[in-house]
Every structure is written in C-alpha cells, then in structure tokens.
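Here is the file my_file_10.cif (mmCIF, C-alpha atoms).
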data_entry
#
loop_
_atom_site.label_atom_id
_atom_site.label_comp_id
_atom_site.auth_asym_id
_atom_site.auth_seq_id
_atom_site.Cartn_x
_atom_site.Cartn_y
_atom_site.Cartn_z
CA MET A 161 148.10 59.33 61.09
CA ALA A 162 144.88 60.66 59.58
CA ALA A 163 145.35 63.34 56.92
CA TYR A 164 142.88 66.19 57.41
CA ASN A 165 141.64 68.88 54.97
CA GLN A 166 141.51 66.33 52.15
CA ASP A 167 138.67 68.31 50.57
CA PHE A 168 137.59 68.14 46.95
CA ILE A 169 134.76 69.37 44.72
CA THR A 170 132.96 67.55 41.96
CA TYR A 171 129.65 67.87 40.11
CA GLN A 172 126.60 65.72 39.59
CA GLY A 173 127.15 63.19 36.83
CA ASP A 174 130.95 63.61 36.78
CA ALA A 175 133.35 60.67 36.92
CA VAL A 176 136.16 61.73 39.24
CA SER A 177 139.15 59.94 40.81
CA PRO A 178 140.54 61.88 43.78
CA ILE A 179 144.00 60.85 44.96
CA PHE A 180 144.86 60.73 48.68
CA THR A 181 148.22 60.43 50.39
CA VAL A 182 148.77 58.67 53.71
CA GLN A 183 151.36 60.54 55.82
CA ASP A 184 152.85 60.40 59.29
CA GLY A 185 152.83 63.27 61.78
CA SER A 186 155.86 64.86 60.10
CA GLY A 187 154.27 64.86 56.67
CA ASN A 188 156.26 61.90 55.32
CA SER A 189 154.50 59.39 53.07
CA ILE A 190 153.80 55.96 54.55
CA ASP A 191 154.16 52.72 52.61
CA ILE A 192 150.67 51.18 52.30
CA SER A 193 151.53 48.55 49.69
CA THR A 194 150.88 45.71 52.16
CA ALA A 195 147.40 46.95 53.14
CA ASP A 196 144.87 44.14 53.08
CA ASP A 197 142.03 46.49 52.18
CA ILE A 198 141.15 50.20 51.95
CA VAL A 199 137.59 51.41 52.51
CA TRP A 200 136.43 54.91 51.57
CA TYR A 201 132.92 56.23 52.28
CA CYS A 202 131.02 59.50 52.49
CA GLN A 203 128.12 60.55 54.70
CA ARG A 204 126.12 63.68 55.52
CA ASN A 205 127.38 63.79 59.11
CA GLU A 206 128.69 61.47 61.80
CA THR A 207 125.25 60.27 62.85
CA ASP A 208 124.18 59.27 59.32
CA GLY A 209 125.11 56.11 57.55
CA PRO A 210 127.32 56.06 54.43
CA VAL A 211 125.62 57.10 51.19
CA LEU A 212 128.47 55.81 49.04
CA THR A 213 131.22 53.28 49.77
CA LYS A 214 134.29 52.21 47.76
CA ARG A 215 136.67 49.33 48.54
CA LYS A 216 140.05 48.25 47.26
CA SER A 217 138.91 44.64 47.48
CA THR A 218 136.19 45.35 44.89
CA ASN A 219 138.36 47.56 42.65
CA GLY A 220 136.69 50.79 43.75
CA ILE A 221 140.09 51.89 45.08
CA VAL A 222 143.50 51.32 43.50
CA PHE A 223 147.06 52.32 44.37
CA TYR A 224 148.12 55.41 42.47
CA THR A 225 151.47 53.70 41.72
CA ASN A 226 152.22 50.66 43.84
CA GLY A 227 151.35 51.94 47.33
CA THR A 228 154.93 52.58 48.48
CA ASP A 229 154.40 56.31 48.07
CA GLY A 230 151.32 56.25 50.31
CA LYS A 231 148.97 57.24 47.50
CA PHE A 232 145.65 55.61 46.64
CA GLN A 233 142.95 56.61 44.18
CA VAL A 234 139.18 56.43 44.74
CA ASN A 235 137.27 55.87 41.50
CA LEU A 236 133.86 57.56 41.50
CA THR A 237 131.71 56.94 38.44
CA ALA A 238 129.15 59.25 36.84
CA THR A 239 126.43 57.03 38.31
CA ASP A 240 127.92 57.45 41.80
CA THR A 241 127.77 61.25 41.73
CA ALA A 242 124.49 61.63 39.80
CA SER A 243 122.32 61.19 42.91
CA LEU A 244 124.52 63.20 45.30
CA SER A 245 124.28 66.91 46.11
CA ASP A 246 125.78 69.43 48.54
CA TRP A 247 128.38 68.64 51.23
CA TYR A 248 129.49 65.28 52.59
CA GLN A 249 132.06 64.15 55.11
CA HIS A 250 134.36 61.50 53.67
CA LEU A 251 136.75 59.13 55.42
CA ALA A 252 139.14 56.37 54.35
CA THR A 253 140.29 53.47 56.51
CA ILE A 254 143.14 51.04 55.87
CA PHE A 255 142.97 47.48 57.17
CA ASP A 256 146.16 45.54 57.77
CA GLY A 257 146.65 41.77 57.52
CA ASN A 258 145.11 41.31 60.98
CA ASN A 259 142.05 43.36 59.96
CA ASN A 260 143.05 46.23 62.24
CA PRO A 261 141.54 49.51 60.97
CA THR A 262 143.38 52.85 60.77
CA THR A 263 141.67 56.01 59.61
CA VAL A 264 144.00 57.72 57.13
CA THR A 265 141.86 60.34 55.35
CA VAL A 266 139.28 62.83 56.63
CA GLY A 267 137.79 65.65 54.59
CA ARG A 268 134.77 67.12 52.87
CA MET A 269 133.38 66.42 49.44
CA GLN A 270 131.13 68.91 47.69
CA VAL A 271 128.88 67.71 44.89
CA GLY A 272 127.28 70.60 43.04
CA ILE A 273 125.11 71.16 40.02
CA LYS A 274 127.42 71.46 37.05
CA PRO A 275 127.85 75.17 36.27
CA ASN A 276 128.08 76.77 32.87
CA TRP A 277 131.34 78.71 32.52
CA THR A 278 132.32 80.32 29.22
CA TRP A 279 134.91 82.86 28.18
CA VAL A 280 134.97 84.60 24.78
CA PRO A 281 137.56 87.44 24.80
CA SER A 282 136.39 88.84 21.46
CA LEU A 283 133.00 89.71 23.03
CA VAL A 284 134.44 91.86 25.83
CA GLY A 285 132.76 95.26 25.56
CA ILE A 286 129.96 93.74 23.46
CA GLU A 287 128.36 91.12 25.70
CA PRO A 288 127.86 92.16 29.38
CA LEU A 289 128.64 88.60 30.53
CA TYR A 290 132.17 88.63 29.12
CA THR A 291 132.72 92.29 29.96
CA VAL A 292 132.06 91.60 33.64
CA ARG A 293 134.10 88.39 33.57
CA ASN A 294 137.00 90.40 32.14
CA ILE A 295 136.66 93.15 34.79
CA ILE A 296 136.80 90.72 37.73
CA GLY A 297 139.55 88.62 36.15
CA ASP A 298 137.57 85.36 36.10
CA THR A 299 139.09 84.29 32.78
CA ILE A 300 141.06 81.15 33.69
CA GLN A 301 139.16 77.97 32.94
CA SER A 302 141.17 75.90 35.43
CA ASP A 303 140.39 78.38 38.22
CA GLN A 304 136.71 79.24 37.71
CA LEU A 305 135.18 81.66 40.21
CA LEU A 306 131.62 82.40 39.02
CA SER A 307 129.30 80.67 36.58
CA ASP A 308 127.67 82.38 33.61
CA GLN A 309 124.35 82.29 35.46
CA GLN A 310 125.75 84.16 38.46
CA ILE A 311 127.24 86.94 36.33
CA THR A 312 124.10 87.22 34.18
CA TRP A 313 122.00 87.64 37.33
CA ALA A 314 124.29 90.44 38.55
CA ASN A 315 124.01 92.21 35.20
CA GLU A 316 120.22 92.11 35.50
CA GLN A 317 120.31 93.81 38.91
CA TYR A 318 122.48 96.83 38.06
CA SER A 319 122.55 99.65 35.55
CA ASN A 320 126.08 99.07 34.22
CA GLU A 321 128.73 96.37 34.03
CA TRP A 322 131.00 98.00 36.62
CA LEU A 323 128.35 97.86 39.35
CA ALA A 324 127.52 94.29 38.32
CA ALA A 325 131.24 93.45 38.53
CA ALA A 326 131.33 94.92 42.05
CA GLU A 327 128.50 92.58 43.09
CA CYS A 328 130.36 89.63 41.53
CA ALA A 329 133.56 90.58 43.39
CA ARG A 330 131.60 90.61 46.66
CA ASN A 331 130.22 87.13 45.89
CA ILE A 332 133.74 85.84 45.27
CA ALA A 333 134.98 87.45 48.50
CA ILE A 334 132.18 85.82 50.49
CA GLY A 335 133.07 82.46 48.95
CA PHE A 336 136.71 82.76 50.06
CA ALA A 337 135.64 84.02 53.50
CA ARG A 338 133.92 80.67 54.09
CA GLN A 339 137.23 78.82 53.69
CA VAL A 340 139.96 78.63 56.30
CA ASP A 341 143.67 79.20 55.67
CA ILE A 342 145.38 75.85 55.07
CA GLY A 343 149.05 75.05 55.65
CA GLU A 344 150.67 72.62 53.19
CA GLY A 345 154.29 72.15 54.22
CA ALA A 346 156.23 75.24 53.14
CA LEU A 347 153.17 76.53 51.24
CA LYS A 348 150.00 78.05 52.61
CA LYS A 349 146.64 78.85 51.03
CA ASN A 350 145.57 82.20 52.45
CA TYR A 351 141.88 82.29 51.59
CA SER A 352 141.32 85.13 54.08
CA GLN A 353 143.73 87.36 52.14
CA ARG A 354 141.98 86.58 48.86
CA SER A 355 138.68 87.44 50.49
CA LYS A 356 139.99 90.84 51.61
CA GLN A 357 141.41 91.55 48.17
CA TYR A 358 138.07 90.89 46.48
CA PHE A 359 136.20 93.02 49.01
CA ARG A 360 138.61 95.88 48.22
CA LEU A 361 138.12 95.24 44.51
CA ALA A 362 134.34 95.39 44.98
CA ALA A 363 134.60 98.82 46.65
CA ASP A 364 136.80 100.12 43.83
CA LEU A 365 134.50 98.78 41.11
CA GLU A 366 131.46 100.25 42.82
CA GLN A 367 133.03 103.72 42.73
CA ARG A 368 133.87 103.26 39.07
CA GLY A 369 130.29 102.15 38.40
CA TYR A 370 128.81 105.24 40.02
CA ALA A 371 131.22 107.44 38.09
CA ARG A 372 129.93 105.87 34.87
CA GLY A 373 126.30 106.75 35.53
CA GLY A 374 125.23 104.20 38.11
CA VAL A 375 123.10 106.86 39.80
CA GLN A 376 121.94 110.31 38.78
CA ALA A 377 121.73 113.07 41.37
CA TYR A 378 118.95 115.68 41.22
CA THR A 379 119.50 119.25 42.37
CA GLY A 380 116.32 121.24 42.88
CA GLY A 381 115.81 124.99 43.03
CA THR A 382 118.20 125.84 40.20
CA SER A 383 115.54 126.52 37.55
CA ILE A 384 112.76 129.15 37.69
CA SER A 385 110.36 126.96 35.70
CA ASP A 386 111.21 124.00 37.92
CA LYS A 387 110.32 126.00 41.03
CA GLU A 388 107.11 127.32 39.46
CA ASN A 389 106.04 123.78 38.54
CA SER A 390 106.71 122.61 42.09
CA LEU A 391 104.67 125.46 43.60
CA ALA A 392 101.78 124.80 41.20
CA ASN A 393 101.59 121.16 42.27
CA THR A 394 98.47 120.97 44.52
CA ASP A 395 99.52 117.53 45.79
CA ARG A 396 102.75 118.91 47.22
CA VAL A 397 102.93 119.38 51.00
CA PRO A 398 103.37 123.14 51.68
CA PRO A 399 106.71 123.89 53.34
CA ASN A 400 106.32 125.43 56.80
CA PHE A 401 108.52 128.44 56.08
CA LEU A 402 105.96 129.68 53.51
CA ILE A 403 103.02 129.70 55.95
CA ALA A 404 101.91 133.27 56.85
CA MET A 405 101.42 134.46 60.39
CA HIS A 406 97.61 134.73 60.10
CA ASP A 407 97.06 131.50 58.15
CA ASN A 408 94.53 129.21 59.83
CA LEU A 409 95.94 125.64 59.97
CA LEU A 410 92.94 124.12 61.73
CA PRO A 411 91.25 121.81 61.13
CA GLU A 412 93.83 121.24 58.39
CA SER A 413 96.46 123.31 56.64
CA PRO A 414 95.48 125.07 53.41
CA VAL A 415 96.48 123.76 50.02
CA GLY A 416 99.08 125.85 48.24
CA LEU A 417 100.98 128.86 49.53
CA GLN A 418 99.94 131.54 52.02
CA SER A 419 96.35 132.76 52.18
CA ASP A 420 95.20 135.25 49.57
CA ALA A 421 94.63 137.83 52.29
CA ASN A 422 98.31 137.86 53.18
CA LEU A 423 100.04 136.98 49.95
CA GLY A 424 97.61 137.96 47.24
CA ALA A 425 97.64 136.10 43.95
CA PRO A 426 100.60 133.73 43.40
CA GLN A 427 103.51 135.67 42.06
CA ASP A 428 105.48 134.99 38.91
CA LEU A 429 108.93 133.93 40.06
CA GLY A 430 110.35 135.24 36.85
CA ALA A 431 109.39 138.75 37.95
CA LEU A 432 111.43 138.34 41.13
CA THR A 433 114.76 137.97 39.37
CA GLY A 434 115.41 141.68 38.97
CA PRO A 435 117.53 143.81 41.28
CA ILE A 436 116.34 144.20 44.87
CA PRO A 437 115.08 147.80 45.44
#

Would it be possible to restate this file's structure as structure tokens?
Amino acid sequence: MAAYNQDFITYQGDAVSPIFTVQDGSGNSIDISTADDIVWYCQRNETDGPVLTKRKSTNGIVFYTNGTDGKFQVNLTATDTASLSDWYQHLATIFDGNNNPTTVTVGRMQVGIKPNWTWVPSLVGIEPLYTVRNIIGDTIQSDQLLSDQQITWANEQYSNEWLAAAECARNIAIGFARQVDIGEGALKKNYSQRSKQYFRLAADLEQRGYARGGVQAYTGGTSISDKENSLANTDRVPPNFLIAMHDNLLPESPVGLQSDANLGAPQDLGALTGPIP
C-alpha cells in the first residue's frame, strides 16, 4: 500500500512539514491511528545510508489529525535542511504493535539553494527583470517558475527583453519536460502539455524579439560609395568574376581588380550610372 510520487521541494535552511497520506490500492485512506511507530528517512540512492531520519516515537512525526484519516506530518527543522542539497529518495515505514514494517510512502525530495523571486508590477517596461517576468507570465508568487538571477542572466545574453523572454520560456519548458504526467484520482498534472506550451511561447517570443531589432540585416551593393569602398579595400579577396582572361594568378593572385593592361586605371563607378550606349 505504498503511495508513490510523494515528491516535494524545499530549500536549504527552511523549516518544512510535508504531509503524507496512507492509502490502499483504490486510493482510500487507511486508519493508522494504532501504529506503534512511523519512521521516515531520506537517502541519495538505495545503496546509500540515510542522511536524515525522523520518528514518531521521538516526536519527529505526528498525526496530521488523529491518524484515522491516514495522514501524518514529518517535521523538518531549519537545521535539518541546512546541510542538504539536490535530490534525495525518501521513504516512510509504519510499524504495527508486533513491530511488523510496512512501507507507506515513496518519493523524491529536492533541497535547493533558496532563490530570489520578486515581482514589482509598477516597474514593468522600466526594469528588464520585471518586463521579462511580465512577458512570460511568471507573476504568481505561489507558483514561481524562474528566479530573479535566471531572468537577469537571460537579459544579459540578448539585445532586447523579448529575446530574453524567449530564452526564459525555453528554460521553463525544459523544466516541465523533466517531469512526468501524474494521475491524481479524477485530476491529472500534464507536465508534458505545459512543456509544449512554453516551447511554442518561446518560438513566438523569439519572432517578436527579432521584429523589435534583435538582429540587423545588411544588404550590400545598393550604394555606389559602398561599392567603391569595398573595391578600394586591398585586404578584400578579389571575386573570381572580376579576373581578366590574361591575368596571371601564379604564384599568387594579384591584389585588387584586373591587371592594368586589361582594365586600365580603376574606374569611377559613379561614371557608370549613365545610360548604356
């Protein structure tokens, strides 16, 4: 009767009390009020020993109400999480009066460095951080997607906020792509769909960014002075279609246009703009 996908996220130095529910195969809560003890622990992987352990017998675990609803609460202190980082596997086992163990909870715990997330609507259009946060819709404190540091980094990499927002949307999409779709009774968390939506948003924002000056195209050959300056550049590789039939390319091609014998002195392109005889 182990409950899987009991995942949760916390941060270093946070005091957190995740609540778990013991259920049968049909999803019905099981009365655990008579449990002799409950032991919860987390470890890097199955071959490592526990790095943190909590017990009901030592008040590290308490019933959320009275245990009849199958719910128990693990109390993690700020000291407990301060030395942890990254992902851990966590499990909880209930012991009955005869000391028989039953695993009731299996999941992953992520302990991250506490991010800095701020939202100031009045600075949208003034501060790039809040402009980008507004564009990608990361404005709900209870559903944070990217930290201030992540958005600031994106702004430093691109020439305008729309291209930076496209990069942020891709980061969010990648984050959702790492998570699997989870069924919860009649409800379902479709992380794959959210990932696709943010990838589509990234493509749209990128087009908007380019339209707002993300790149500047150069078209050559439209200005007489531009062409003259290019031809006068002695470091420019001569194009093959300007080489004359009698030009000697060995041991190396000549610098500039055709040889003087075939072309004469370089011509003024401005004089070539008149009508063709």

Point to revise | Point-to-point distance from atom CA of A:Trp277 to atom CA of A:Gln309, Å rounded to tenths | key: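 Between atom CA of A:Trp277 and atom CA of A:Gln309 the gap works out to 8.4 Å.
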
Check your understanding: Separation of atom CA of A:Ser282 and atom CA of A:Leu365, in Å?
Key ->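 Computed distance, atom CA of A:Ser282 to atom CA of A:Leu365, equals 22.1 Å.
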
Point to revise | A:Glu327, A:Asp191, A:Asp256, A:Asp246 ranked by distance to A:Lys231, top pick (using only C-alpha atoms) | key: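 For A:Lys231, the nearest of the given residues is A:Asp191.
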
**Study point:** Distance criterion (all atoms listed in the file): nearest to A:Gln301 out of A:Arg330, A:Arg204, A:Arg360, A:Asn276
**Key:** A:Asn276

Point to revise | Nearest residue to A:Arg372 from the set A:Phe223, A:Trp279, A:Trp247, A:Trp322 (distances using all atoms listed in the file) | key: A:Trp322

Point to revise | Selection result for the PyMOL selection byres ((chain A and resi 227) around 12) on this file, as a VMD selection string | key: chain A and resid 179 to 182 189 to 198 216 221 to 226 228 to 233 254

Create the file for the chosen residues now, containing C-alpha atoms and written as an mmCIF file, in the coordinates of the input.
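Output saved as out-v3.cif:
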data_model
loop_
_atom_site.group_PDB
_atom_site.id
_atom_site.type_symbol
_atom_site.label_atom_id
_atom_site.label_comp_id
_atom_site.auth_asym_id
_atom_site.auth_seq_id
_atom_site.Cartn_x
_atom_site.Cartn_y
_atom_site.Cartn_z
ATOM 1 C CA ILE A 179 144.000 60.850 44.960
ATOM 2 C CA PHE A 180 144.860 60.730 48.680
ATOM 3 C CA THR A 181 148.220 60.430 50.390
ATOM 4 C CA VAL A 182 148.770 58.670 53.710
ATOM 5 C CA SER A 189 154.500 59.390 53.070
ATOM 6 C CA ILE A 190 153.800 55.960 54.550
ATOM 7 C CA ASP A 191 154.160 52.720 52.610
ATOM 8 C CA ILE A 192 150.670 51.180 52.300
ATOM 9 C CA SER A 193 151.530 48.550 49.690
ATOM 10 C CA THR A 194 150.880 45.710 52.160
ATOM 11 C CA ALA A 195 147.400 46.950 53.140
ATOM 12 C CA ASP A 196 144.870 44.140 53.080
ATOM 13 C CA ASP A 197 142.030 46.490 52.180
ATOM 14 C CA ILE A 198 141.150 50.200 51.950
ATOM 15 C CA LYS A 216 140.050 48.250 47.260
ATOM 16 C CA ILE A 221 140.090 51.890 45.080
ATOM 17 C CA VAL A 222 143.500 51.320 43.500
ATOM 18 C CA PHE A 223 147.060 52.320 44.370
ATOM 19 C CA TYR A 224 148.120 55.410 42.470
ATOM 20 C CA THR A 225 151.470 53.700 41.720
ATOM 21 C CA ASN A 226 152.220 50.660 43.840
ATOM 22 C CA THR A 228 154.930 52.580 48.480
ATOM 23 C CA ASP A 229 154.400 56.310 48.070
ATOM 24 C CA GLY A 230 151.320 56.250 50.310
ATOM 25 C CA LYS A 231 148.970 57.240 47.500
ATOM 26 C CA PHE A 232 145.650 55.610 46.640
ATOM 27 C CA GLN A 233 142.950 56.610 44.180
ATOM 28 C CA ILE A 254 143.140 51.040 55.870
#

**Study point:** Nearest to A:Tyr290 by atom-to-atom distance, counting all atoms listed in the file, from A:Gly272, A:Arg338, A:Ala362, A:Thr312
**Key:** A:Thr312

Practice item. State, in Å with one decimal place, the distance from atom CA of A:Arg293 to atom CA of A:Arg354. Key: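 Atom CA of A:Arg293 sits 17.3 Å away from atom CA of A:Arg354.
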
**Study point:** Residues matched by the PyMOL selection byres ((chain A and resi 280) around 12) as a PyMOL selection string
**Key:** chain A and resi 277-279+281-294+298-301+308

Point to revise | Minimum-distance residue to A:Ile334, chosen among A:Ser352, A:Thr394, A:Ser307, A:Asn188 (using only C-alpha atoms) | key: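 Closest candidate: A:Ser352.
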
Using the incomplete input, complete stretch 293-308 of chain A to the level of N, CA and C atoms; output as a short mmCIF file (atom, residue, chain, number, x, y, z; two decimals), keeping the file's coordinate frame.
data_model
loop_
_atom_site.label_atom_id
_atom_site.label_comp_id
_atom_site.auth_asym_id
_atom_site.auth_seq_id
_atom_site.Cartn_x
_atom_site.Cartn_y
_atom_site.Cartn_z
N ARG A 293 133.11 89.44 33.28
CA ARG A 293 134.10 88.39 33.57
C ARG A 293 135.52 88.94 33.38
N ASN A 294 135.70 89.79 32.38
CA ASN A 294 137.00 90.40 32.14
C ASN A 294 137.37 91.38 33.26
N ILE A 295 136.39 92.16 33.74
CA ILE A 295 136.66 93.15 34.79
C ILE A 295 137.10 92.48 36.08
N ILE A 296 136.46 91.37 36.46
CA ILE A 296 136.80 90.72 37.73
C ILE A 296 137.94 89.73 37.58
N GLY A 297 138.41 89.50 36.36
CA GLY A 297 139.55 88.62 36.15
C GLY A 297 139.24 87.14 36.21
N ASP A 298 137.96 86.77 36.08
CA ASP A 298 137.57 85.36 36.10
C ASP A 298 137.66 84.81 34.68
N THR A 299 138.88 84.68 34.18
CA THR A 299 139.09 84.29 32.78
C THR A 299 139.95 83.04 32.63
N ILE A 300 140.22 82.35 33.73
CA ILE A 300 141.06 81.15 33.69
C ILE A 300 140.18 79.93 33.90
N GLN A 301 140.08 79.10 32.89
CA GLN A 301 139.16 77.97 32.94
C GLN A 301 139.49 77.00 34.07
N SER A 302 140.77 76.84 34.37
CA SER A 302 141.17 75.90 35.43
C SER A 302 140.98 76.48 36.82
N ASP A 303 140.62 77.74 36.92
CA ASP A 303 140.39 78.38 38.22
C ASP A 303 139.12 79.22 38.14
N GLN A 304 137.99 78.55 37.90
CA GLN A 304 136.71 79.24 37.71
C GLN A 304 136.19 79.77 39.04
N LEU A 305 135.67 81.01 39.01
CA LEU A 305 135.18 81.66 40.21
C LEU A 305 133.66 81.80 40.23
N LEU A 306 133.07 82.23 39.11
CA LEU A 306 131.62 82.40 39.02
C LEU A 306 131.10 81.81 37.72
N SER A 307 129.91 81.25 37.78
CA SER A 307 129.30 80.67 36.58
C SER A 307 128.69 81.77 35.72
N ASP A 308 128.35 81.43 34.49
CA ASP A 308 127.67 82.38 33.61
C ASP A 308 126.36 82.85 34.23
#
